[in-house]
Amino acid sequence: MAKRYCNNINIKSLFSSFKIGRLFSVKDPIPTELSARVVYKFSCGGCTANYVGETVRHLATRVNEHLVSDKASHVYKYLGRNETCSRLCSKKCFQDLDSAASELALKIKEAIHIKHEHPSLNSQVKHVNLKLYL
C-alpha cells in the first residue's frame with residue numbers, strides 16, 4: 001500500500017474573478033494639449049517668472065490665448081513688456097499640473113497650487129474666504 005502524504009493537509013480553493021482590463025487602459029491617452037478642466041503652470045523660458053491658471057477648455061486653446069491674443073492675460077502682458085522672454089517662450093513653457101471633474105473642484109485646486117507655487121505673475125483681483133478641512 002502506498003504512503004499518503006497529504007492526509008493532514010486541508011486544501012481550500014478560493015475563486016476570485018479578474019478582469020484583464022485592469023492591467024491596461026483600453027483607451028488611448030488624451031494628449032496634454034487636448035486636456036480640459038486643468039490647472040496649468042507657465043514658467044518663463046527667459047527668467048524665473050511663472051503663473052498658475054485654470055481652464056475648462058482645451059489647454060492648447062488657453063495657451064494660445066496667453067501667447068497670442070488675450071490682452072488681459074498676465075502672461076500676455078508680461079511677454080509684451082519683455083522682448084527677450086517673449087522670444088524664448090513657447091507652448092513648451094506651459095505644463096499641466098492637475099485636473100478636476102467639476103469647475104468648483106478646479107477652482108479649489110487652482111487656489112491650492114497658487115498657494116504652493118507662489119507664482120510671480122498671479123495677482124489677486126478678488127477672493128472668497130474658504131475654509132478647507134482636510
# chains A, B, ... in the order shown; residues from 1 in each chain; ligands from 1
>>> residues_around(residues="range 121-123 of chain A", least_positions_apart="2", cutoff="10 Å", atoms="only C-alpha atoms", output="VMD selection string")
chain A and resid 42 to 43 49 to 53 73 to 75 77 to 78 114 118 to 119 125 to 126
>>> select_by_dssp(residues="range 44-103 of chain A", states="alpha helix (DSSP H)", output="list in words")
Leu59, Ala60, Thr61, Arg62, Val63, Asn64, His74, Val75, Tyr76, Lys77, Tyr78, Leu79, Gly80, Arg81, Glu83, Thr84, Cys85, Ser86, Arg87, Leu88 and Glu103 of chain A
>>> atom_distance(atom1="CA of Leu34 in chain A", atom2="CA of Ala101 in chain A")
15.3 Å
>>> atom_distance(atom1="CA of His66 in chain A", atom2="CA of Ser102 in chain A")
23.0 Å
>>> residues_around(residues="Lys92 in chain A", least_positions_apart="6", cutoff="12 Å", atoms="only C-alpha atoms", output="list of chain:residue names")
A:Thr32, A:Glu33, A:Tyr40, A:Lys41, A:Phe42, A:Ser43, A:Cys44, A:Gly45, A:Ala60, A:Val63, A:Asn64, A:Leu67
>>> write_last_selection(atoms="N, CA, C and O atoms", output="PDB file, in the first residue's frame")
ATOM      1  N   THR A  32      -1.860  65.977 -23.777  1.00  0.00           N
ATOM      2  CA  THR A  32      -1.919  67.039 -22.775  1.00  0.00           C
ATOM      3  C   THR A  32      -2.575  68.300 -23.314  1.00  0.00           C
ATOM      4  O   THR A  32      -3.395  68.917 -22.633  1.00  0.00           O
ATOM      5  N   GLU A  33      -2.263  68.668 -24.545  1.00  0.00           N
ATOM      6  CA  GLU A  33      -2.811  69.908 -25.097  1.00  0.00           C
ATOM      7  C   GLU A  33      -4.324  69.843 -25.323  1.00  0.00           C
ATOM      8  O   GLU A  33      -4.985  70.863 -25.457  1.00  0.00           O
ATOM      9  N   TYR A  40      -2.897  74.671 -14.792  1.00  0.00           N
ATOM     10  CA  TYR A  40      -1.642  74.654 -15.541  1.00  0.00           C
ATOM     11  C   TYR A  40      -0.678  75.684 -14.978  1.00  0.00           C
ATOM     12  O   TYR A  40      -1.058  76.591 -14.239  1.00  0.00           O
ATOM     13  N   LYS A  41       0.586  75.527 -15.334  1.00  0.00           N
ATOM     14  CA  LYS A  41       1.626  76.451 -14.885  1.00  0.00           C
ATOM     15  C   LYS A  41       2.420  76.940 -16.086  1.00  0.00           C
ATOM     16  O   LYS A  41       2.791  76.153 -16.961  1.00  0.00           O
ATOM     17  N   PHE A  42       2.676  78.242 -16.116  1.00  0.00           N
ATOM     18  CA  PHE A  42       3.559  78.842 -17.108  1.00  0.00           C
ATOM     19  C   PHE A  42       4.864  79.168 -16.408  1.00  0.00           C
ATOM     20  O   PHE A  42       4.873  79.806 -15.356  1.00  0.00           O
ATOM     21  N   SER A  43       5.973  78.713 -16.964  1.00  0.00           N
ATOM     22  CA  SER A  43       7.308  79.041 -16.467  1.00  0.00           C
ATOM     23  C   SER A  43       8.052  79.715 -17.597  1.00  0.00           C
ATOM     24  O   SER A  43       8.275  79.103 -18.651  1.00  0.00           O
ATOM     25  N   CYS A  44       8.430  80.959 -17.407  1.00  0.00           N
ATOM     26  CA  CYS A  44       9.089  81.734 -18.455  1.00  0.00           C
ATOM     27  C   CYS A  44      10.393  81.062 -18.866  1.00  0.00           C
ATOM     28  O   CYS A  44      11.163  80.604 -18.026  1.00  0.00           O
ATOM     29  N   GLY A  45      10.643  81.038 -20.172  1.00  0.00           N
ATOM     30  CA  GLY A  45      11.860  80.440 -20.705  1.00  0.00           C
ATOM     31  C   GLY A  45      13.075  81.334 -20.584  1.00  0.00           C
ATOM     32  O   GLY A  45      14.202  80.887 -20.761  1.00  0.00           O
ATOM     33  N   ALA A  60      -4.578  73.699 -24.938  1.00  0.00           N
ATOM     34  CA  ALA A  60      -3.933  74.326 -26.106  1.00  0.00           C
ATOM     35  C   ALA A  60      -4.620  75.633 -26.485  1.00  0.00           C
ATOM     36  O   ALA A  60      -3.958  76.601 -26.870  1.00  0.00           O
ATOM     37  N   VAL A  63      -3.504  78.241 -23.843  1.00  0.00           N
ATOM     38  CA  VAL A  63      -2.088  78.566 -24.039  1.00  0.00           C
ATOM     39  C   VAL A  63      -1.936  79.515 -25.220  1.00  0.00           C
ATOM     40  O   VAL A  63      -1.211  80.513 -25.144  1.00  0.00           O
ATOM     41  N   ASN A  64      -2.617  79.231 -26.319  1.00  0.00           N
ATOM     42  CA  ASN A  64      -2.561  80.094 -27.497  1.00  0.00           C
ATOM     43  C   ASN A  64      -3.053  81.505 -27.167  1.00  0.00           C
ATOM     44  O   ASN A  64      -2.481  82.494 -27.630  1.00  0.00           O
ATOM     45  N   LEU A  67      -0.342  83.410 -25.310  1.00  0.00           N
ATOM     46  CA  LEU A  67       0.801  83.774 -26.141  1.00  0.00           C
ATOM     47  C   LEU A  67       0.467  84.747 -27.264  1.00  0.00           C
ATOM     48  O   LEU A  67       1.335  85.500 -27.706  1.00  0.00           O
TER      49      LEU A  67
END
>>> atom_distance(atom1="CA of Ile30 in chain A", atom2="CA of Asp98 in chain A")
14.0 Å
>>> residues_around(residues="Ala100 in chain A", least_positions_apart="4", cutoff="9 Å", atoms="only C-alpha atoms", output="list in words")
Ala36, Arg37, Val38, Val39, Leu104, Ala105, Leu106, Lys107 and Lys109 of chain A
>>> select_by_dssp(residues="range 32-99 of chain A", states="strand (DSSP E)", output="PyMOL selection string")
chain A and resi 38-43+50-55+94-99
>>> write_last_selection(atoms="all heavy atoms", output="compact mmCIF listing (two decimals), in the first residue's frame")
# COMPACT_ATOMS: atom_id res chain seq x y z
N VAL A 38 -8.32 71.74 -16.44
CA VAL A 38 -6.98 71.55 -15.90
C VAL A 38 -6.47 72.80 -15.20
O VAL A 38 -6.87 73.92 -15.50
CB VAL A 38 -5.96 71.14 -16.99
CG1 VAL A 38 -6.30 69.80 -17.58
CG2 VAL A 38 -5.85 72.18 -18.06
N VAL A 39 -5.58 72.57 -14.24
CA VAL A 39 -4.78 73.63 -13.64
C VAL A 39 -3.43 73.53 -14.34
O VAL A 39 -2.89 72.44 -14.50
CB VAL A 39 -4.61 73.43 -12.12
CG1 VAL A 39 -3.71 74.50 -11.53
CG2 VAL A 39 -5.97 73.44 -11.44
N TYR A 40 -2.90 74.67 -14.79
CA TYR A 40 -1.64 74.65 -15.54
C TYR A 40 -0.68 75.68 -14.98
O TYR A 40 -1.06 76.59 -14.24
CB TYR A 40 -1.90 74.93 -17.03
CG TYR A 40 -2.55 76.27 -17.28
CD1 TYR A 40 -1.78 77.41 -17.50
CD2 TYR A 40 -3.93 76.41 -17.27
CE1 TYR A 40 -2.37 78.64 -17.70
CE2 TYR A 40 -4.53 77.63 -17.48
CZ TYR A 40 -3.75 78.75 -17.70
OH TYR A 40 -4.34 79.97 -17.89
N LYS A 41 0.59 75.53 -15.33
CA LYS A 41 1.63 76.45 -14.88
C LYS A 41 2.42 76.94 -16.09
O LYS A 41 2.79 76.15 -16.96
CB LYS A 41 2.56 75.75 -13.90
CG LYS A 41 3.67 76.65 -13.38
CD LYS A 41 4.55 75.91 -12.39
CE LYS A 41 5.67 76.81 -11.90
NZ LYS A 41 6.56 76.10 -10.97
N PHE A 42 2.68 78.24 -16.12
CA PHE A 42 3.56 78.84 -17.11
C PHE A 42 4.86 79.17 -16.41
O PHE A 42 4.87 79.81 -15.36
CB PHE A 42 2.94 80.13 -17.67
CG PHE A 42 3.92 81.01 -18.41
CD1 PHE A 42 4.32 80.69 -19.69
CD2 PHE A 42 4.45 82.14 -17.82
CE1 PHE A 42 5.22 81.48 -20.37
CE2 PHE A 42 5.35 82.94 -18.49
CZ PHE A 42 5.74 82.62 -19.77
N SER A 43 5.97 78.71 -16.96
CA SER A 43 7.31 79.04 -16.47
C SER A 43 8.05 79.71 -17.60
O SER A 43 8.28 79.10 -18.65
CB SER A 43 8.05 77.78 -16.03
OG SER A 43 7.36 77.13 -14.99
N ASN A 50 6.67 83.11 -13.31
CA ASN A 50 5.76 81.99 -13.50
C ASN A 50 4.33 82.40 -13.19
O ASN A 50 4.08 83.44 -12.60
CB ASN A 50 6.19 80.76 -12.69
CG ASN A 50 6.31 81.06 -11.21
OD1 ASN A 50 6.00 82.14 -10.73
ND2 ASN A 50 6.79 80.10 -10.47
N TYR A 51 3.39 81.57 -13.61
CA TYR A 51 1.97 81.85 -13.48
C TYR A 51 1.22 80.53 -13.35
O TYR A 51 1.58 79.55 -13.99
CB TYR A 51 1.49 82.60 -14.74
CG TYR A 51 0.01 82.86 -14.81
CD1 TYR A 51 -0.56 83.95 -14.19
CD2 TYR A 51 -0.82 81.99 -15.52
CE1 TYR A 51 -1.93 84.19 -14.25
CE2 TYR A 51 -2.18 82.22 -15.59
CZ TYR A 51 -2.73 83.32 -14.96
OH TYR A 51 -4.08 83.54 -15.04
N VAL A 52 0.19 80.51 -12.51
CA VAL A 52 -0.67 79.34 -12.37
C VAL A 52 -2.08 79.75 -12.74
O VAL A 52 -2.57 80.80 -12.28
CB VAL A 52 -0.63 78.77 -10.94
CG1 VAL A 52 -1.67 77.68 -10.76
CG2 VAL A 52 0.75 78.22 -10.62
N GLY A 53 -2.75 78.97 -13.58
CA GLY A 53 -4.11 79.28 -14.00
C GLY A 53 -4.93 78.01 -14.17
O GLY A 53 -4.41 76.90 -14.00
N GLU A 54 -6.19 78.19 -14.49
CA GLU A 54 -7.08 77.06 -14.73
C GLU A 54 -7.92 77.35 -15.96
O GLU A 54 -8.15 78.49 -16.31
CB GLU A 54 -7.96 76.77 -13.52
CG GLU A 54 -8.79 77.94 -13.02
CD GLU A 54 -10.13 78.13 -13.72
OE1 GLU A 54 -10.58 77.22 -14.43
OE2 GLU A 54 -10.72 79.20 -13.57
N THR A 55 -8.36 76.29 -16.62
CA THR A 55 -9.24 76.43 -17.76
C THR A 55 -10.16 75.23 -17.85
O THR A 55 -9.76 74.12 -17.52
CB THR A 55 -8.46 76.62 -19.08
OG1 THR A 55 -9.40 76.84 -20.15
CG2 THR A 55 -7.60 75.41 -19.42
N PHE A 94 4.44 75.81 -20.86
CA PHE A 94 3.22 75.51 -20.11
C PHE A 94 3.19 74.03 -19.76
O PHE A 94 3.51 73.19 -20.59
CB PHE A 94 1.98 75.87 -20.93
CG PHE A 94 1.79 77.34 -21.13
CD1 PHE A 94 2.45 78.01 -22.14
CD2 PHE A 94 0.93 78.06 -20.30
CE1 PHE A 94 2.27 79.37 -22.34
CE2 PHE A 94 0.74 79.41 -20.48
CZ PHE A 94 1.41 80.08 -21.50
N GLN A 95 2.78 73.73 -18.54
CA GLN A 95 2.65 72.33 -18.13
C GLN A 95 1.35 72.12 -17.37
O GLN A 95 0.87 73.01 -16.67
CB GLN A 95 3.83 71.88 -17.29
CG GLN A 95 3.87 72.46 -15.88
CD GLN A 95 5.07 72.00 -15.10
OE1 GLN A 95 6.19 72.30 -15.47
NE2 GLN A 95 4.84 71.28 -14.02
N ASP A 96 0.80 70.97 -17.55
CA ASP A 96 -0.43 70.55 -16.89
C ASP A 96 -0.09 70.12 -15.46
O ASP A 96 0.73 69.24 -15.26
CB ASP A 96 -1.02 69.38 -17.69
CG ASP A 96 -2.31 68.86 -17.15
OD1 ASP A 96 -2.77 69.33 -16.10
OD2 ASP A 96 -2.87 67.95 -17.78
N LEU A 97 -0.70 70.78 -14.45
CA LEU A 97 -0.42 70.43 -13.06
C LEU A 97 -1.44 69.49 -12.46
O LEU A 97 -1.10 68.62 -11.66
CB LEU A 97 -0.38 71.70 -12.19
CG LEU A 97 0.73 72.70 -12.42
CD1 LEU A 97 0.55 73.90 -11.50
CD2 LEU A 97 2.08 72.06 -12.21
N ASP A 98 -2.71 69.68 -12.81
CA ASP A 98 -3.77 68.94 -12.14
C ASP A 98 -5.02 68.97 -13.00
O ASP A 98 -5.12 69.76 -13.93
CB ASP A 98 -4.06 69.59 -10.79
CG ASP A 98 -4.47 68.61 -9.72
OD1 ASP A 98 -5.00 67.54 -10.08
OD2 ASP A 98 -4.28 68.91 -8.54
N SER A 99 -5.99 68.15 -12.66
CA SER A 99 -7.28 68.16 -13.35
C SER A 99 -8.38 67.94 -12.33
O SER A 99 -8.12 67.50 -11.21
CB SER A 99 -7.32 67.08 -14.43
OG SER A 99 -7.19 65.81 -13.85
